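Shown next: coords_15.txt, given as compact mmCIF, C-alpha atoms.
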# COMPACT_ATOMS: atom_id res chain seq x y z
CA ASP L 13 -7.20 7.11 12.76
CA GLY L 14 -10.57 8.44 11.70
CA GLY L 15 -9.13 10.21 8.65
CA ILE L 16 -10.03 7.44 6.22
CA THR L 17 -12.66 4.86 6.91
CA GLN L 18 -13.82 1.72 5.16
CA SER L 19 -16.95 -0.24 5.72
CA PRO L 20 -17.86 -2.91 6.35
CA LYS L 21 -14.91 -4.64 7.97
CA TYR L 22 -16.09 -8.06 6.81
CA LEU L 23 -18.32 -8.76 3.84
CA PHE L 24 -19.76 -11.97 2.53
CA ARG L 25 -21.19 -12.36 -0.93
CA LYS L 26 -22.76 -15.13 -2.90
CA GLU L 27 -21.37 -15.92 -6.31
CA GLY L 28 -23.02 -13.89 -9.03
CA GLN L 29 -23.80 -10.90 -6.83
CA ASN L 30 -22.31 -7.44 -7.09
CA VAL L 31 -21.13 -5.84 -3.87
CA THR L 32 -20.01 -2.30 -3.05
CA LEU L 33 -17.25 -1.42 -0.61
CA SER L 34 -17.30 1.99 0.99
CA CYS L 35 -14.34 4.34 1.41
CA GLU L 36 -14.63 7.80 2.97
CA GLN L 37 -11.96 10.33 3.91
CA ASN L 38 -12.05 13.65 5.73
CA LEU L 39 -8.44 14.58 5.01
CA ASN L 40 -9.37 16.88 2.12
CA HIS L 41 -7.27 14.74 -0.20
CA ASP L 42 -7.81 14.97 -3.93
CA ALA L 43 -6.42 11.53 -4.77
CA MET L 44 -7.91 8.21 -3.71
CA TYR L 45 -6.91 4.64 -4.48
CA TRP L 46 -8.14 1.08 -4.21
CA TYR L 47 -5.79 -1.84 -3.70
CA ARG L 48 -6.26 -5.53 -3.43
CA GLN L 49 -4.05 -7.47 -1.03
CA ASP L 50 -3.58 -11.21 -1.45
CA PRO L 51 -1.22 -13.41 0.56
CA GLY L 52 2.27 -13.31 -0.88
CA GLN L 53 1.40 -10.75 -3.54
CA GLY L 54 1.67 -7.41 -1.81
CA LEU L 55 -0.71 -4.66 -2.82
CA ARG L 56 -2.01 -4.35 -6.36
CA LEU L 57 -3.68 -1.23 -7.66
CA ILE L 58 -7.27 -1.62 -8.86
CA TYR L 59 -8.38 1.94 -9.58
CA TYR L 60 -7.31 5.44 -8.67
CA SER L 61 -8.83 8.88 -8.86
CA GLN L 62 -6.89 12.11 -8.78
CA ILE L 63 -9.88 14.42 -8.79
CA VAL L 64 -13.65 14.34 -8.51
CA ASN L 65 -15.45 12.85 -11.50
CA ASP L 66 -12.29 11.32 -12.86
CA PHE L 67 -10.74 7.90 -12.29
CA GLN L 68 -8.30 5.60 -14.02
CA LYS L 69 -7.73 1.86 -14.17
CA GLY L 70 -4.88 0.34 -12.30
CA ASP L 71 -3.16 -2.97 -12.92
CA ILE L 72 -6.10 -5.23 -12.09
CA ALA L 73 -9.27 -3.28 -12.90
CA GLU L 74 -11.13 -6.08 -14.67
CA GLY L 75 -14.29 -7.04 -12.80
CA TYR L 76 -14.31 -3.86 -10.71
CA SER L 77 -15.92 -0.47 -11.08
CA VAL L 78 -15.67 2.80 -9.15
CA SER L 79 -17.24 6.24 -8.98
CA ARG L 80 -15.97 9.55 -7.65
CA GLU L 81 -18.94 11.86 -7.33
CA LYS L 82 -17.68 13.50 -4.14
CA LYS L 83 -14.20 14.36 -3.00
CA GLU L 84 -14.70 12.46 0.24
CA SER L 85 -15.97 9.22 -1.22
CA PHE L 86 -14.59 6.57 -3.57
CA PRO L 87 -16.76 3.42 -3.49
CA LEU L 88 -15.60 0.23 -5.17
CA THR L 89 -18.03 -2.25 -6.71
CA VAL L 90 -16.88 -5.81 -7.10
CA THR L 91 -18.95 -7.20 -9.93
CA SER L 92 -19.89 -10.77 -10.73
CA ALA L 93 -17.36 -10.57 -13.58
CA GLN L 94 -14.48 -10.59 -11.11
CA LYS L 95 -13.31 -14.20 -11.22
CA ASN L 96 -11.56 -14.38 -7.88
CA PRO L 97 -12.97 -11.66 -5.64
CA THR L 98 -12.16 -13.13 -2.25
CA ALA L 99 -9.44 -10.84 -0.90
CA PHE L 100 -8.57 -8.01 1.45
CA TYR L 101 -9.32 -4.59 -0.04
CA LEU L 102 -7.53 -1.43 1.02
CA CYS L 103 -8.49 2.13 0.25
CA ALA L 104 -6.00 4.99 0.45
CA SER L 105 -5.88 8.71 -0.14
CA SER L 106 -3.19 11.31 -0.67
CA THR L 107 -2.66 14.86 -1.75
CA ARG L 108 -2.25 15.34 -5.45
CA LEU L 109 1.12 16.61 -6.59
CA ALA L 110 2.07 18.27 -9.83
CA GLY L 111 3.31 16.21 -12.71
CA PHE L 112 3.83 12.54 -12.09
CA ARG L 113 4.84 12.75 -8.47
CA THR L 114 2.99 10.94 -5.71
CA ASP L 115 2.65 11.85 -2.08
CA THR L 116 2.36 9.81 1.08
CA GLN L 117 -0.71 7.59 1.05
CA TYR L 118 -2.96 7.21 4.07
CA PHE L 119 -4.69 3.87 4.31
CA GLY L 120 -8.01 2.74 5.65
CA PRO L 121 -8.40 -0.32 7.88
CA GLY L 122 -9.50 -2.52 5.00
CA THR L 123 -12.46 -4.71 4.09
CA ARG L 124 -12.19 -8.46 3.90
CA LEU L 125 -14.49 -9.81 1.20
CA THR L 126 -15.37 -13.47 1.09
CA VAL L 127 -17.34 -15.02 -1.73
CA LEU L 128 -19.33 -18.03 -0.61
CA ALA O 26 8.06 -7.91 -15.43
CA GLN O 27 8.49 -7.56 -11.70
CA ARG O 28 9.00 -3.94 -10.83
CA VAL O 29 9.92 -4.23 -7.16
CA THR O 30 11.49 -7.14 -5.34
CA GLN O 31 11.66 -7.81 -1.65
CA PRO O 32 13.60 -11.07 -1.61
CA GLU O 33 12.90 -12.05 2.00
CA LYS O 34 9.34 -12.95 2.91
CA LEU O 35 10.37 -13.62 6.49
CA LEU O 36 13.25 -12.18 8.46
CA SER O 37 14.11 -12.88 12.09
CA VAL O 38 16.74 -11.09 14.11
CA PHE O 39 17.59 -10.91 17.78
CA LYS O 40 16.89 -7.80 19.79
CA GLY O 41 19.81 -5.44 19.56
CA ALA O 42 21.11 -6.91 16.34
CA PRO O 43 21.30 -4.90 13.11
CA VAL O 44 18.55 -5.42 10.60
CA GLU O 45 18.41 -4.83 6.86
CA LEU O 46 15.29 -5.31 4.74
CA LYS O 47 16.16 -5.47 1.09
CA CYS O 48 14.33 -3.79 -1.76
CA ASN O 49 15.31 -3.72 -5.41
CA TYR O 50 13.32 -1.99 -8.11
CA SER O 51 13.39 -1.87 -11.89
CA TYR O 52 12.35 1.42 -13.39
CA SER O 53 13.63 3.83 -15.88
CA GLY O 54 13.84 7.33 -14.52
CA SER O 55 13.78 8.28 -10.88
CA PRO O 56 10.97 6.84 -8.81
CA GLU O 57 9.92 8.22 -5.49
CA LEU O 58 10.74 5.64 -2.88
CA PHE O 59 8.68 4.82 0.18
CA TRP O 60 8.73 2.26 2.94
CA TYR O 61 5.38 1.46 4.53
CA VAL O 62 4.88 -0.60 7.69
CA GLN O 63 1.98 -2.52 9.16
CA TYR O 64 2.16 -3.34 12.87
CA SER O 65 -0.09 -6.00 14.31
CA ARG O 66 -3.74 -4.87 14.39
CA GLN O 67 -2.88 -1.49 12.89
CA ARG O 68 -3.40 -0.10 9.44
CA LEU O 69 -0.69 0.27 6.84
CA GLN O 70 1.21 3.50 7.37
CA LEU O 71 4.21 5.38 6.05
CA LEU O 72 7.50 4.61 7.73
CA LEU O 73 9.75 6.82 5.68
CA ARG O 74 10.28 8.23 2.22
CA HIS O 75 13.55 8.86 0.48
CA ILE O 76 12.87 12.47 -0.39
CA SER O 77 12.60 13.39 3.30
CA ARG O 78 15.98 11.87 4.14
CA GLU O 79 14.73 11.34 7.69
CA SER O 80 15.42 8.64 10.23
CA ILE O 81 12.16 7.32 11.60
CA LYS O 82 12.16 5.06 14.67
CA GLY O 83 15.87 4.54 14.04
CA PHE O 84 15.34 3.30 10.48
CA THR O 85 17.11 4.75 7.48
CA ALA O 86 16.98 3.87 3.81
CA ASP O 87 19.64 4.69 1.29
CA LEU O 88 18.95 4.92 -2.37
CA ASN O 89 21.58 3.23 -4.51
CA LYS O 90 20.81 4.27 -8.07
CA GLY O 91 23.53 2.05 -9.50
CA GLU O 92 22.05 -1.06 -7.93
CA THR O 93 18.49 0.32 -8.03
CA SER O 94 18.06 -0.59 -4.40
CA PHE O 95 16.44 1.09 -1.43
CA HIS O 96 17.27 -1.13 1.51
CA LEU O 97 15.84 -0.34 4.94
CA LYS O 98 18.28 -0.49 7.84
CA LYS O 99 18.36 -0.16 11.59
CA PRO O 100 21.48 -0.67 13.68
CA PHE O 101 19.78 -2.11 16.77
CA ALA O 102 16.46 -3.90 16.35
CA GLN O 103 13.77 -3.58 19.02
CA GLU O 104 10.88 -5.90 19.76
CA GLU O 105 8.39 -3.22 18.71
CA ASP O 106 9.91 -3.27 15.22
CA SER O 107 8.23 -6.60 14.56
CA ALA O 108 5.87 -5.88 11.67
CA MET O 109 5.25 -6.28 7.95
CA TYR O 110 7.32 -3.92 5.80
CA TYR O 111 6.53 -2.93 2.22
CA CYS O 112 8.85 -1.19 -0.19
CA ALA O 113 7.02 1.08 -2.62
CA PRO O 114 8.80 2.70 -5.54
CA GLN O 115 6.38 4.99 -7.33
CA THR O 116 6.65 7.00 -10.49
CA GLY O 117 3.25 8.61 -10.54
CA ALA O 118 -0.38 8.00 -9.84
CA ASN O 119 -0.53 5.40 -12.58
CA ASN O 120 2.58 3.61 -11.41
CA LEU O 121 2.05 2.80 -7.77
CA PHE O 122 3.83 -0.44 -6.97
CA PHE O 123 4.26 -2.21 -3.70
CA GLY O 124 6.59 -5.08 -3.00
CA THR O 125 5.31 -8.36 -1.65
CA GLY O 126 6.47 -7.41 1.83
CA THR O 127 8.88 -8.73 4.43
CA ARG O 128 7.65 -9.87 7.81
CA LEU O 129 10.23 -8.91 10.40
CA THR O 130 10.29 -10.70 13.74
CA VAL O 131 12.55 -9.42 16.48
CA ILE O 132 13.37 -12.15 18.96
CA PRO O 133 13.70 -11.03 22.58

For this file, produce the structure as structure tokens.
Amino acid sequence: DGGITQSPKYLFRKEGQNVTLSCEQNLNHDAMYWYRQDPGQGLRLIYYSQIVNDFQKGDIAEGYSVSREKKESFPLTVTSAQKNPTAFYLCASSTRLAGFRTDTQYFGPGTRLTVL
Amino acid sequence: AQRVTQPEKLLSVFKGAPVELKCNYSYSGSPELFWYVQYSRQRLQLLLRHISRESIKGFTADLNKGETSFHLKKPFAQEEDSAMYYCAPQTGANNLFFGTGTRLTVIP
């Protein structure tokens, strides 16, 4: 289970503060993803990156930012512009396939963010 | 527009009974189809994918292109199958969609 890690497990933030969630993988995967999981809504894609120094917005990118300076790392910053940041955040990684195909995603244990 | 539908949020079956978790999707083209599972206190993980045409833990999933469905089935449910199941039709890195999930409870 150590292939993809997220820290911290629980995070508390005051309104108006930015906070960064960590995601690291040692699976040598090119592609990494951030999802948000809310009760009754499944997983929704925030950002994804298919290669170092490149990333794309997902369905709900507003109020979030990411960076991909290293293959192993894909941190997510929840900014004060995110109107409803309290949620469970999941990071995933996968190999990158040619064309528009996707491969199996491997998920981290998640970070639960609570805004006080 | 909703791209993937799992109509049952909760599903309970008795041990040994057949189980079917429904998934319908709306895409043009041919998505890759996955089922992911989350057991209690474990992380989300792949259960099976259509392209592999495997049976994992007794589960199978048949793609019905006419109905655009990818229902997950098992002939005899076991207690250890109790978990949250997500259907995930995906057409590329920019089109990764997960259903809202079905929580399966197998009653002893």

Open item on the list: Distance cut-off 10 Å, counting all atoms listed in the file - which residues of chain L neighbour chain O? Return them as a PyMOL selection string.
Closed with: chain L and resi 13+43-45+47+49-57+59-62+68-71+102+104+108-122

- [ ] Work out how far atom CA of Glu74 of chain L is from atom CA of Gln18 of chain L, in Å to one decimal.
- [x]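 Going from atom CA of Gln18 of chain L over to atom CA of Glu74 of chain L covers 21.5 Å.
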
- [ ] Excluding segment 35-41 of chain O and residues on its chain fewer than 4 positions from it, collect all residues at most 12 Å away from it, counting all atoms listed in the file, and give them as JSON, numbers by chain.
- [x] {"L": [52], "O": [31, 45, 46, 47, 99, 100, 101, 102, 103, 104, 105, 106, 107, 108, 109, 110, 125, 126, 127, 128, 129, 130, 131, 132, 133]}

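For Lys83 of chain L, the set of protein, DNA and RNA residues having any atom at most 8 Å away, when counting only C-alpha atoms and skipping those fewer than 3 positions along the same chain, is L:Asn40, L:His41, L:Asp42, L:Ile63, L:Val64, L:Arg80, L:Phe86.
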
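Excluding Thr123 of chain L itself and any same-chain residue fewer than 6 positions from it, the protein and nucleic acid residues within 10 Å of it, counting only C-alpha atoms, are Thr17, Gln18, Ser19, Pro20, Lys21, Tyr22, Leu23, Leu33, Ser34, Cys35, Arg48, Ala99, Phe100, Tyr101, Leu102 and Cys103 of chain L.
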
Six-sided padding of 4 Å per side, axis-aligned box over segment 109-128 of chain O, centre and edges in Å, one decimal, as AutoDock Vina command-line options:
--center_x 4.2 --center_y -0.6 --center_z -2.3 --size_x 17.4 --size_y 26.5 --size_z 28.5

TODO: For Ser92 of chain L, list every protein, DNA or RNA residue within 8 Å, evaluated using only C-alpha atoms, and leave out those in the same chain fewer than 3 positions away; present the list as an MDAnalysis selection string.
DONE: chainID L and resid 27:30 75 95

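Atom to atom, atom CA of Tyr64 of chain O and atom CA of Gln37 of chain L stand 21.6 Å apart.
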
- [ ] Excluding Gly91 of chain O and residues on its chain fewer than 6 positions from it, collect all residues at most 12 Å away from it, counting only C-alpha atoms, and give them as a ChimeraX atom specification.
- [x] /O:49-53,55

Open item on the list: Just the number, please: distance in Å from atom CA of Arg124 of chain L to atom CA of Val29 of chain O, one decimal.
Closed with: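 Between atom CA of Arg124 of chain L and atom CA of Val29 of chain O the gap works out to 25.1 Å.
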